[in-house]
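Novice: Hey, dropping coords.txt in here, compact mmCIF, C-alpha atoms and all ligand atoms:
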```
# COMPACT_ATOMS: atom_id res chain seq x y z
CA MET A 1 -54.40 23.30 14.88
CA SER A 2 -53.28 23.53 11.26
CA THR A 3 -55.81 23.04 8.50
CA ILE A 4 -53.87 20.04 7.19
CA ILE A 5 -54.14 18.23 10.50
CA GLU A 6 -57.77 19.28 10.92
CA LYS A 7 -58.72 18.10 7.45
CA THR A 8 -56.84 14.85 7.86
CA ASN A 9 -58.54 14.11 11.14
CA LYS A 10 -61.93 14.99 9.72
CA PHE A 11 -61.82 13.32 6.31
CA ILE A 12 -59.39 10.41 6.70
CA MET A 13 -60.46 7.52 8.90
CA GLN A 14 -58.78 7.68 12.29
CA SER A 15 -57.03 4.32 12.06
CA TYR A 16 -53.52 5.70 12.71
CA GLY A 17 -51.73 7.36 15.58
CA ARG A 18 -49.89 10.06 13.66
CA ASN A 19 -46.94 12.17 14.74
CA GLN A 20 -47.60 15.91 14.91
CA ALA A 21 -45.53 16.77 11.85
CA GLU A 22 -46.53 17.92 8.39
CA LEU A 23 -44.08 16.82 5.74
CA ASP A 24 -44.02 18.57 2.40
CA LYS A 25 -40.59 18.38 0.77
CA GLY A 26 -37.69 15.97 1.00
CA GLN A 27 -34.20 15.48 -0.38
CA GLY A 28 -31.85 12.62 0.47
CA ALA A 29 -32.34 11.65 4.12
CA SER A 30 -33.91 14.99 5.05
CA VAL A 31 -37.55 16.03 4.89
CA SER A 32 -39.08 19.37 5.89
CA GLY A 33 -36.30 20.12 8.37
CA TYR A 34 -36.15 16.62 9.85
CA ILE A 35 -33.46 13.97 9.47
CA ASP A 36 -35.20 10.78 8.51
CA PHE A 37 -34.26 7.53 10.26
CA GLY A 38 -37.54 5.87 9.28
CA SER A 39 -37.76 6.00 5.46
CA GLY A 40 -41.55 6.02 5.57
CA ILE A 41 -41.34 2.63 7.36
CA GLY A 42 -38.51 1.23 5.27
CA VAL A 43 -39.91 2.34 1.93
CA ASN A 44 -37.71 5.21 0.73
CA SER A 45 -34.67 3.00 0.27
CA LEU A 46 -32.91 5.67 -1.80
CA GLY A 47 -34.11 8.52 0.41
CA PHE A 48 -36.25 11.35 -0.90
CA CYS A 49 -36.23 12.23 -4.58
CA ASP A 50 -33.12 10.36 -5.71
CA LYS A 51 -32.17 11.99 -9.01
CA ASP A 52 -32.08 8.83 -11.15
CA TRP A 53 -35.26 7.47 -9.60
CA VAL A 54 -37.14 10.74 -10.20
CA GLU A 55 -35.93 10.81 -13.79
CA ALA A 56 -37.07 7.24 -14.47
CA VAL A 57 -40.43 7.69 -12.77
CA CYS A 58 -41.20 11.05 -14.38
CA GLY A 59 -40.04 9.82 -17.78
CA GLN A 60 -42.38 6.85 -17.48
CA VAL A 61 -45.34 8.98 -16.31
CA ARG A 62 -44.91 11.15 -19.41
CA THR A 63 -44.82 8.11 -21.70
CA LEU A 64 -47.29 5.52 -20.42
CA GLN A 65 -48.76 5.40 -16.91
CA HIS A 66 -50.90 2.25 -16.94
CA VAL A 67 -52.19 -0.42 -19.32
CA SER A 68 -53.45 -3.28 -17.06
CA ASN A 69 -52.25 -6.86 -17.24
CA LEU A 70 -54.18 -7.50 -20.44
CA TYR A 71 -51.10 -6.21 -22.31
CA TYR A 72 -47.30 -6.25 -22.17
CA THR A 73 -44.97 -3.42 -21.09
CA LYS A 74 -41.20 -3.10 -21.12
CA PRO A 75 -40.79 -1.58 -17.61
CA ALA A 76 -42.56 -4.53 -15.97
CA ALA A 77 -40.67 -7.10 -18.08
CA ASP A 78 -37.31 -5.43 -17.42
CA PHE A 79 -37.93 -5.15 -13.68
CA ALA A 80 -39.00 -8.79 -13.39
CA GLU A 81 -35.97 -9.98 -15.37
CA LYS A 82 -33.61 -7.95 -13.17
CA LEU A 83 -35.14 -9.05 -9.88
CA CYS A 84 -35.08 -12.72 -10.92
CA ALA A 85 -31.42 -12.34 -11.96
CA VAL A 86 -30.51 -10.74 -8.62
CA THR A 87 -32.39 -13.25 -6.45
CA GLY A 88 -32.17 -16.47 -8.49
CA TYR A 89 -35.95 -16.93 -8.62
CA SER A 90 -37.74 -18.17 -11.74
CA ASN A 91 -40.59 -15.68 -11.96
CA LEU A 92 -42.76 -13.32 -9.97
CA PHE A 93 -46.26 -11.94 -9.50
CA PHE A 94 -46.80 -8.18 -9.12
CA GLY A 95 -49.12 -6.84 -6.42
CA ASN A 96 -49.38 -3.38 -4.89
CA SER A 97 -48.33 -3.88 -1.27
CA GLY A 98 -46.77 -6.25 1.20
CA ALA A 99 -50.10 -7.70 2.22
CA GLU A 100 -50.98 -8.42 -1.39
CA ALA A 101 -47.62 -10.04 -2.01
CA ASN A 102 -48.30 -12.31 0.97
CA GLU A 103 -51.86 -13.04 -0.18
CA CYS A 104 -50.35 -14.24 -3.43
CA ALA A 105 -47.88 -16.44 -1.55
CA ILE A 106 -50.70 -17.94 0.55
CA LYS A 107 -52.79 -18.67 -2.52
CA LEU A 108 -49.80 -20.11 -4.37
CA ALA A 109 -48.92 -22.43 -1.47
CA ARG A 110 -52.49 -23.68 -1.15
CA LYS A 111 -52.82 -24.30 -4.88
CA TYR A 112 -49.42 -26.00 -5.08
CA SER A 113 -50.56 -28.44 -2.43
CA HIS A 114 -54.08 -28.84 -3.82
CA ASP A 115 -52.77 -29.57 -7.33
CA LYS A 116 -50.34 -32.17 -6.04
CA TYR A 117 -51.96 -33.71 -2.96
CA GLY A 118 -55.66 -32.84 -3.17
CA LYS A 119 -57.86 -31.55 -0.37
CA ASN A 120 -57.15 -31.12 3.36
CA ARG A 121 -53.49 -30.13 3.06
CA ASN A 122 -53.89 -26.38 3.26
CA LYS A 123 -52.72 -25.20 6.66
CA ILE A 124 -50.16 -22.42 6.85
CA ILE A 125 -47.93 -22.18 9.89
CA THR A 126 -46.60 -18.79 10.96
CA LEU A 127 -44.56 -17.60 13.92
CA ASN A 128 -45.73 -15.89 17.07
CA GLY A 129 -44.80 -12.22 16.98
CA SER A 130 -44.89 -12.09 13.19
CA PHE A 131 -46.50 -9.44 11.03
CA HIS A 132 -47.79 -10.29 7.56
CA GLY A 133 -50.34 -7.58 6.72
CA ARG A 134 -53.81 -6.18 7.30
CA THR A 135 -56.07 -8.05 4.90
CA VAL A 136 -58.22 -10.71 6.53
CA ALA A 137 -55.96 -13.60 5.50
CA THR A 138 -52.64 -11.86 6.22
CA LEU A 139 -53.98 -10.50 9.52
CA THR A 140 -54.93 -14.06 10.43
CA ALA A 141 -51.43 -15.13 9.41
CA THR A 142 -49.99 -12.44 11.68
CA GLY A 143 -49.00 -14.27 14.86
CA GLN A 144 -50.10 -11.62 17.34
CA PRO A 145 -53.25 -12.66 19.27
CA GLU A 146 -53.90 -9.05 20.37
CA MET A 147 -54.48 -8.19 16.70
CA HIS A 148 -57.03 -10.99 16.29
CA ASN A 149 -59.94 -8.95 17.55
CA HIS A 150 -62.99 -7.03 16.22
CA PHE A 151 -63.01 -8.56 12.75
CA PHE A 152 -64.45 -12.00 13.41
CA PRO A 153 -64.51 -14.46 11.87
CA PHE A 154 -60.86 -14.70 10.91
CA ALA A 155 -59.67 -17.01 8.12
CA GLU A 156 -59.36 -20.75 8.59
CA GLY A 157 -56.24 -22.76 7.95
CA PHE A 158 -53.61 -20.93 9.98
CA ASP A 159 -51.67 -22.08 13.01
CA TYR A 160 -48.78 -20.63 14.98
CA ILE A 161 -45.54 -21.73 16.55
CA GLU A 162 -42.99 -20.07 18.79
CA PRO A 163 -39.94 -18.74 16.92
CA ASP A 164 -36.72 -20.67 17.60
CA ASN A 165 -38.63 -23.58 19.15
CA THR A 166 -37.46 -26.51 17.03
CA VAL A 167 -39.46 -29.04 19.05
CA GLY A 168 -42.73 -27.19 18.50
CA LEU A 169 -41.89 -26.96 14.84
CA ALA A 170 -41.61 -30.70 14.29
CA GLU A 171 -44.88 -31.28 16.16
CA LYS A 172 -46.88 -28.80 14.11
CA LEU A 173 -45.65 -29.77 10.67
CA GLY A 174 -48.21 -32.52 10.10
CA ASP A 175 -49.89 -33.92 7.00
CA ASP A 176 -52.35 -31.03 6.79
CA VAL A 177 -49.65 -28.36 6.41
CA CYS A 178 -48.82 -26.87 3.00
CA ALA A 179 -46.46 -24.04 3.99
CA VAL A 180 -44.58 -22.24 6.73
CA MET A 181 -44.30 -18.48 6.48
CA ILE A 182 -41.46 -16.70 8.27
CA GLU A 183 -39.73 -13.36 8.61
CA TYR A 184 -35.98 -13.99 9.02
CA VAL A 185 -35.95 -10.83 11.10
CA GLN A 186 -39.33 -9.99 12.60
CA GLY A 187 -39.84 -6.31 11.88
CA GLU A 188 -43.03 -5.02 13.47
CA GLY A 189 -42.65 -7.74 16.09
CA GLY A 190 -39.54 -6.05 17.53
CA VAL A 191 -36.61 -6.46 15.06
CA ILE A 192 -35.90 -10.01 16.17
CA PRO A 193 -33.74 -12.26 13.98
CA LEU A 194 -34.41 -16.01 13.93
CA GLU A 195 -31.71 -18.35 15.18
CA GLN A 196 -29.70 -20.14 12.50
CA SER A 197 -30.39 -23.57 14.04
CA PHE A 198 -34.17 -22.99 13.89
CA VAL A 199 -33.98 -21.91 10.24
CA ASP A 200 -31.83 -25.00 9.51
CA SER A 201 -34.40 -27.32 11.09
CA LEU A 202 -37.26 -25.57 9.37
CA TYR A 203 -35.77 -26.01 5.90
CA LEU A 204 -34.78 -29.60 6.62
CA ILE A 205 -38.25 -30.70 7.77
CA CYS A 206 -40.04 -28.71 5.08
CA SER A 207 -37.93 -30.17 2.28
CA GLU A 208 -38.50 -33.71 3.59
CA LYS A 209 -42.27 -33.19 3.66
CA ASP A 210 -42.59 -31.01 0.56
CA ILE A 211 -43.94 -28.19 2.72
CA LEU A 212 -43.23 -24.83 1.10
CA VAL A 213 -41.18 -22.23 2.91
CA ILE A 214 -42.48 -18.70 2.33
CA ALA A 215 -40.06 -15.95 3.34
CA ASP A 216 -41.87 -12.69 4.05
CA GLU A 217 -39.11 -10.25 3.13
CA VAL A 218 -41.48 -7.31 2.77
CA GLN A 219 -39.37 -5.39 5.30
CA THR A 220 -36.02 -7.19 5.15
CA GLY A 221 -35.75 -7.47 1.36
CA ALA A 222 -34.10 -5.21 -1.20
CA GLY A 223 -30.90 -4.58 0.72
CA ARG A 224 -32.30 -3.46 4.08
CA THR A 225 -30.21 -5.94 6.07
CA GLY A 226 -26.94 -5.41 4.18
CA LYS A 227 -27.56 -8.31 1.82
CA PHE A 228 -30.11 -8.21 -0.97
CA THR A 229 -32.30 -10.73 0.84
CA ALA A 230 -32.15 -11.57 4.54
CA GLY A 231 -32.21 -15.24 3.49
CA GLU A 232 -28.62 -14.83 2.29
CA HIS A 233 -27.49 -14.27 5.90
CA TYR A 234 -28.83 -17.74 6.69
CA GLY A 235 -27.75 -19.42 3.45
CA TYR A 236 -31.27 -20.19 2.21
CA LYS A 237 -33.55 -19.29 -0.64
CA ALA A 238 -37.19 -19.98 0.24
CA ASP A 239 -39.56 -21.61 -2.25
CA VAL A 240 -41.47 -18.35 -2.28
CA THR A 241 -40.24 -14.92 -1.19
CA THR A 242 -42.31 -11.75 -0.91
CA MET A 243 -40.93 -8.21 -0.99
CA ALA A 244 -42.51 -4.79 -1.02
CA LYS A 245 -41.56 -1.89 1.25
CA GLY A 246 -38.17 -0.73 -0.05
CA LEU A 247 -38.31 -2.45 -3.41
CA PHE A 248 -39.80 0.38 -5.45
CA GLY A 249 -38.19 3.33 -3.66
CA GLY A 250 -41.44 4.98 -2.54
CA LEU A 251 -44.07 3.80 -5.01
CA PRO A 252 -46.66 1.20 -4.00
CA GLY A 253 -45.76 -2.27 -5.14
CA GLY A 254 -45.13 -5.78 -3.93
CA VAL A 255 -43.87 -8.99 -5.49
CA CYS A 256 -44.25 -12.69 -4.84
CA LEU A 257 -41.20 -14.53 -6.19
CA ALA A 258 -41.36 -18.26 -6.95
CA ASN A 259 -38.61 -20.83 -7.46
CA GLU A 260 -38.68 -23.35 -10.32
CA LYS A 261 -40.91 -25.78 -8.38
CA CYS A 262 -43.54 -23.09 -7.72
CA SER A 263 -43.24 -21.09 -10.92
CA LYS A 264 -46.15 -22.70 -12.79
CA VAL A 265 -48.71 -22.95 -9.98
CA LEU A 266 -50.63 -19.75 -10.67
CA THR A 267 -52.13 -20.27 -14.11
CA ALA A 268 -54.27 -17.93 -16.22
CA GLY A 269 -57.30 -16.70 -14.30
CA THR A 270 -56.21 -17.99 -10.87
CA HIS A 271 -54.83 -14.71 -9.58
CA GLY A 272 -54.71 -11.08 -10.66
CA SER A 273 -54.39 -7.41 -9.87
CA THR A 274 -55.58 -4.39 -11.84
CA PHE A 275 -52.67 -2.17 -10.84
CA GLY A 276 -49.98 -4.83 -10.33
CA GLY A 277 -46.86 -4.32 -12.45
CA ASN A 278 -47.78 -0.73 -13.18
CA PRO A 279 -45.09 0.65 -15.56
CA VAL A 280 -44.38 3.75 -13.43
CA VAL A 281 -43.86 1.67 -10.30
CA ALA A 282 -41.74 -0.83 -12.22
CA ALA A 283 -39.58 1.94 -13.74
CA GLY A 284 -38.87 3.29 -10.24
CA GLY A 285 -38.16 -0.22 -9.00
CA SER A 286 -35.60 -0.85 -11.73
CA VAL A 287 -33.55 2.11 -10.51
CA VAL A 288 -33.71 0.77 -6.95
CA LEU A 289 -32.56 -2.66 -8.18
CA ASP A 290 -29.66 -1.22 -10.21
CA LYS A 291 -28.33 0.65 -7.18
CA VAL A 292 -29.18 -1.65 -4.29
CA SER A 293 -28.11 -4.98 -5.80
CA ASP A 294 -24.52 -3.73 -6.17
CA SER A 295 -22.19 -5.44 -3.68
CA VAL A 296 -20.30 -2.22 -2.87
CA PHE A 297 -23.61 -0.54 -2.02
CA LEU A 298 -24.70 -3.51 0.13
CA ASN A 299 -21.37 -3.58 2.00
CA GLU A 300 -21.83 0.09 2.76
CA VAL A 301 -25.31 -0.64 4.17
CA ALA A 302 -23.79 -3.26 6.45
CA ALA A 303 -20.94 -0.92 7.45
CA LYS A 304 -23.32 1.90 8.30
CA GLY A 305 -25.37 -0.51 10.41
CA ASP A 306 -22.23 -1.52 12.33
CA TYR A 307 -21.31 2.12 12.78
CA ILE A 308 -24.72 2.95 14.29
CA ARG A 309 -24.42 -0.03 16.63
CA ASP A 310 -20.94 1.03 17.74
CA ARG A 311 -22.04 4.56 18.53
CA LEU A 312 -25.31 3.76 20.28
CA SER A 313 -24.13 0.70 22.22
CA LYS A 314 -21.72 3.00 24.11
CA LEU A 315 -24.69 4.70 25.75
CA ASP A 316 -25.66 3.62 29.24
CA GLU A 317 -29.36 3.89 28.32
CA VAL A 318 -28.96 1.32 25.53
CA VAL A 319 -29.36 -2.24 26.84
CA SER A 320 -28.96 -4.02 23.50
CA ILE A 321 -29.31 -3.55 19.75
CA SER A 322 -30.89 -6.21 17.54
CA GLY A 323 -31.28 -6.56 13.78
CA LYS A 324 -29.06 -6.57 10.73
CA GLY A 325 -27.70 -3.87 8.41
CA LEU A 326 -29.87 -0.76 8.52
CA MET A 327 -32.76 -2.52 10.26
CA LEU A 328 -32.09 -1.98 13.94
CA GLY A 329 -34.07 -2.40 17.15
CA ILE A 330 -32.85 -0.69 20.31
CA THR A 331 -33.82 -1.88 23.77
CA LEU A 332 -33.79 0.99 26.24
CA LYS A 333 -33.03 0.78 29.94
CA THR A 334 -35.37 3.38 31.48
CA LYS A 335 -36.87 5.46 28.70
CA LYS A 336 -40.06 4.52 26.83
CA SER A 337 -39.65 4.36 23.07
CA PRO A 338 -42.77 6.48 22.25
CA ASP A 339 -41.33 9.24 24.46
CA VAL A 340 -38.03 9.04 22.58
CA VAL A 341 -39.91 9.28 19.26
CA LYS A 342 -41.58 12.46 20.55
CA SER A 343 -38.37 14.04 21.86
CA ALA A 344 -36.60 13.17 18.61
CA LEU A 345 -39.36 14.81 16.59
CA GLU A 346 -39.01 17.98 18.67
CA LYS A 347 -35.26 17.96 18.00
CA GLY A 348 -35.63 17.31 14.26
CA LEU A 349 -35.24 13.54 13.89
CA LEU A 350 -37.77 10.95 12.69
CA VAL A 351 -37.50 7.50 14.31
CA LEU A 352 -39.82 4.51 14.68
CA THR A 353 -40.81 1.98 17.29
CA ALA A 354 -41.29 -1.79 17.09
CA LYS A 355 -43.12 -3.17 20.12
CA GLU A 356 -41.25 -1.69 23.11
CA LYS A 357 -38.07 -1.04 21.10
CA LEU A 358 -36.89 2.00 19.26
CA ARG A 359 -36.54 1.09 15.57
CA LEU A 360 -34.24 2.63 12.97
CA LEU A 361 -34.75 2.11 9.22
CA PRO A 362 -32.76 4.96 7.64
CA PRO A 363 -32.52 5.31 3.86
CA LEU A 364 -29.98 2.77 2.58
CA ASN A 365 -27.96 5.48 0.84
CA ILE A 366 -27.92 7.88 3.80
CA GLU A 367 -24.74 10.00 3.76
CA ARG A 368 -22.35 9.67 6.69
CA GLU A 369 -22.68 13.36 7.50
CA THR A 370 -26.48 13.17 7.82
CA LEU A 371 -26.20 9.91 9.72
CA ASP A 372 -23.84 11.62 12.20
CA LYS A 373 -26.22 14.53 12.67
CA GLY A 374 -29.13 12.17 13.37
CA LEU A 375 -27.06 10.04 15.75
CA LYS A 376 -25.97 13.15 17.64
CA ILE A 377 -29.63 14.05 18.25
CA LEU A 378 -30.39 10.52 19.37
CA GLU A 379 -27.36 10.46 21.67
CA GLU A 380 -28.43 13.73 23.28
CA ILE A 381 -31.87 12.30 23.99
CA LEU A 382 -30.57 9.00 25.33
CA GLN A 383 -27.67 10.54 27.30
C1 LIG B 401 -45.12 -3.99 6.35
C2 LIG B 401 -45.14 -5.44 6.29
C3 LIG B 401 -46.19 -6.15 5.67
C4 LIG B 401 -47.41 -5.45 5.11
O1 LIG B 401 -47.09 -4.60 4.06
P1 LIG B 401 -48.20 -3.56 3.51
O2 LIG B 401 -47.52 -2.93 2.33
O3 LIG B 401 -48.46 -2.58 4.62
O4 LIG B 401 -49.39 -4.32 3.14
C5 LIG B 401 -46.10 -7.52 5.59
N1 LIG B 401 -45.05 -8.18 6.09
C6 LIG B 401 -44.01 -7.55 6.70
C7 LIG B 401 -42.87 -8.34 7.21
C8 LIG B 401 -44.04 -6.16 6.83
O5 LIG B 401 -43.03 -5.54 7.47
```
If you took the structure in this file and wrote it as structure tokens, what would it be?
Specialist:
Amino acid sequence: MSTIIEKTNKFIMQSYGRNQAELDKGQGASVSGYIDFGSGIGVNSLGFCDKDWVEAVCGQVRTLQHVSNLYYTKPAADFAEKLCAVTGYSNLFFGNSGAEANECAIKLARKYSHDKYGKNRNKIITLNGSFHGRTVATLTATGQPEMHNHFFPFAEGFDYIEPDNTVGLAEKLGDDVCAVMIEYVQGEGGVIPLEQSFVDSLYLICSEKDILVIADEVQTGAGRTGKFTAGEHYGYKADVTTMAKGLFGGLPGGVCLANEKCSKVLTAGTHGSTFGGNPVVAAGGSVVLDKVSDSVFLNEVAAKGDYIRDRLSKLDEVVSISGKGLMLGITLKTKKSPDVVKSALEKGLLVLTAKEKLRLLPPLNIERETLDKGLKILEEILQ
């Protein structure tokens, strides 16, 4: 066994099932001899070492790497202005991950309700099959009972409903509920988009009852689905939207975006983060925003997604393909997705799974030639 693998297994807690691959150098959609259809789980939206991104990040590291939120910096201000312009939100909070972005959304929703309605209106409804993070609160919010183990007690004030069940929705949205948190397309849960009619009902009931809608766009946001936010596919802008994974192009960051109604809830001292809004992360994020928010770029993401679907749906082994843009889940007829991941690795292709499906999250700017090479490998395996 290599020393890297040995050291990792000895000195890093064994909380992951890792693939047997050491990665040391990447460019575009290729890394250490592999074609990358996973983007580090949807993070490297511009692939490896995009020239403009590297320049912005390195330039910022040489100038000012961190100051804390006790002071002001231009990279954070510029990024926030751009993201609000692109999404139509009023303001944002900077965290360092998807889970932290969702923690902020949960706190914001509870305080919004507490400020306005007082105690006992603090429940947050999430969907079965959802994934919202690994902190105690976001793990509790995650609607997967098999993950609610070991770490007792879990947080109070969460309840769950079945996605696309409009009847269940109306029943659960009582006077003790302050927010509903959804993924428009469940990522870890199996790349499953919500039905339009369910989303319509959800927004209707929530607006009638002043229940906040929180869209967890940690995976779907920043162009992944072929629109800047997945909410645009459905025609909605949630009260609060969180984003993280692809938003900063490979640096750790997350945001919680608030509309006008929710923009003044978190006041001085009510929430914080030492690293949040780090100028290096923000500088990288600004490059991602400049490239990904462009409609030509987004149309190309959607077109590449359609192209992958067309090619793979011709295969007998492929039962169906779910998802939007470059966020795709493939249901296989006879093969097991972990076996396909292993075969792909042996043939030089990195792919992911989501529940029993094979999941593809290639870099958004993947070149057609590289895409073709990766698809050829996948076709050979699935043939
Ligand atoms: C990945 C993910 C998270 C958690 O993000 P971390 O950065 O790992 O904390 C939350 N929600 C969704 C939808 C995700 O895909």
Novice: Residues at most 9 Å from Gly285 (chain A), counting all atoms listed in the file, excluding those fewer than 5 positions away in the same chain, as number ranges by chain?
Specialist: A: 53, 79, 246-251, 253, 280, 290
Novice: Distance CA of Leu83 (chain A)-CA of Leu289 (chain A), one decimal place?
Specialist: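 Between these atoms lies a distance of 7.1 Å.
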Novice: Between CA of Leu127 (chain A) and CA of Pro153 (chain A), measure the distance and give it in Å to one decimal.
Specialist: 20.3 Å
Novice: If I take CA of Arg18 (chain A) and CA of Ala230 (chain A), how far is one from the other in Å, to one decimal?
Specialist: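 Calculated distance between CA of Arg18 (chain A) and CA of Ala230 (chain A) is 29.4 Å.
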Novice: Which residue out of A:Leu382, A:Ile161, A:Val341, A:Leu361 has the minimum interatomic distance to ligand LIG 401 (chain B) when only C-alpha atoms and all ligand atoms are used?
Specialist: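 Of all the options, A:Leu361 lies closest to ligand LIG 401 (chain B).
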Novice: Could you please extract the residues within 8 Å of ligand LIG 401 (chain B), counting all atoms listed in the file, and hand them back as a VMD selection string?
Specialist: chain A and resid 41 96 to 102 130 to 135 138 183 186 to 188 216 to 220 244 to 245 252 to 254
Novice: Determine the nearest neighbour of Thr242 (chain A) from the options A:Glu317, A:Glu103, A:Asp78, A:Asp176, counting all atoms listed in the file.
Specialist: A:Glu103
Novice: I'd like the neighbourhood of Gln383 (chain A) as a PyMOL selection string, where a residue qualifies if any of its atoms comes within 9 Å (using all atoms listed in the file), though same-chain residues fewer than 2 positions away should be ignored.
Specialist: chain A and resi 315-317+378-381
Novice: Kindly indicate which residue among A:Ser337, A:Ser68, A:Ser286, A:Ser293 lies nearest to Gly272 (chain A), using all atoms listed in the file for the distances.
Specialist: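 The closest residue to Gly272 (chain A) is A:Ser68.
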Novice: Pick from A:Ser322, A:Asn44, A:Ser32, A:Thr267: nearest to Leu108 (chain A), with only C-alpha atoms counted?
Specialist: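 Looking at the shortest contact to Leu108 (chain A), the residue is A:Thr267.
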Novice: Find the residue from A:Val288, A:Cys58, A:Leu326, A:Leu312 that sits nearest to Leu375 (chain A); use all atoms listed in the file when measuring.
Specialist: A:Leu312
Novice: Could you tell me which of A:Glu300, A:Glu356, A:Glu367, A:Asp372 comes closest to Val191 (chain A) if we count all atoms listed in the file?
Specialist: A:Glu356
Novice: Do you know which residues are at most 12 Å from Thr370 (chain A) counting all atoms listed in the file, after dropping those on the same chain fewer than 3 positions away, and could you put them as a list in words?
Specialist: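 These residues fall inside the cut-off: Gln27, Gly28, Ala29, Ser30, Val31, Tyr34, Ile35, Asp36, Phe37, Gly47, Lys304, Gly348, Leu349, Pro362, Pro363, Asn365, Ile366, Glu367, Lys373, Gly374, Leu375, Lys376 and Ile377 of chain A.
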Novice: With C-alpha atoms retained, export the selected residues as an mmCIF file, in the frame of the given file.
Specialist:
```
data_model
loop_
_atom_site.group_PDB
_atom_site.id
_atom_site.type_symbol
_atom_site.label_atom_id
_atom_site.label_comp_id
_atom_site.auth_asym_id
_atom_site.auth_seq_id
_atom_site.Cartn_x
_atom_site.Cartn_y
_atom_site.Cartn_z
ATOM 1 C CA GLN A 27 -34.200 15.480 -0.380
ATOM 2 C CA GLY A 28 -31.850 12.620 0.470
ATOM 3 C CA ALA A 29 -32.340 11.650 4.120
ATOM 4 C CA SER A 30 -33.910 14.990 5.050
ATOM 5 C CA VAL A 31 -37.550 16.030 4.890
ATOM 6 C CA TYR A 34 -36.150 16.620 9.850
ATOM 7 C CA ILE A 35 -33.460 13.970 9.470
ATOM 8 C CA ASP A 36 -35.200 10.780 8.510
ATOM 9 C CA PHE A 37 -34.260 7.530 10.260
ATOM 10 C CA GLY A 47 -34.110 8.520 0.410
ATOM 11 C CA LYS A 304 -23.320 1.900 8.300
ATOM 12 C CA GLY A 348 -35.630 17.310 14.260
ATOM 13 C CA LEU A 349 -35.240 13.540 13.890
ATOM 14 C CA PRO A 362 -32.760 4.960 7.640
ATOM 15 C CA PRO A 363 -32.520 5.310 3.860
ATOM 16 C CA ASN A 365 -27.960 5.480 0.840
ATOM 17 C CA ILE A 366 -27.920 7.880 3.800
ATOM 18 C CA GLU A 367 -24.740 10.000 3.760
ATOM 19 C CA LYS A 373 -26.220 14.530 12.670
ATOM 20 C CA GLY A 374 -29.130 12.170 13.370
ATOM 21 C CA LEU A 375 -27.060 10.040 15.750
ATOM 22 C CA LYS A 376 -25.970 13.150 17.640
ATOM 23 C CA ILE A 377 -29.630 14.050 18.250
#
```
Novice: Might you pull out every residue within 9 Å of Phe297 (chain A), with all atoms listed in the file counted and same-chain residues fewer than 3 positions away left off, and present them as number ranges by chain?
Specialist: A: 223, 226, 291-294, 300-302, 364-365
Novice: Would you kindly return, as a ChimeraX atom specification, each protein, DNA or RNA residue with an atom no farther than 9 Å from any atom of Thr87 (chain A), considering all atoms listed in the file and excluding same-chain residues fewer than 5 positions away?
Specialist: /A:82,228-229,237,257
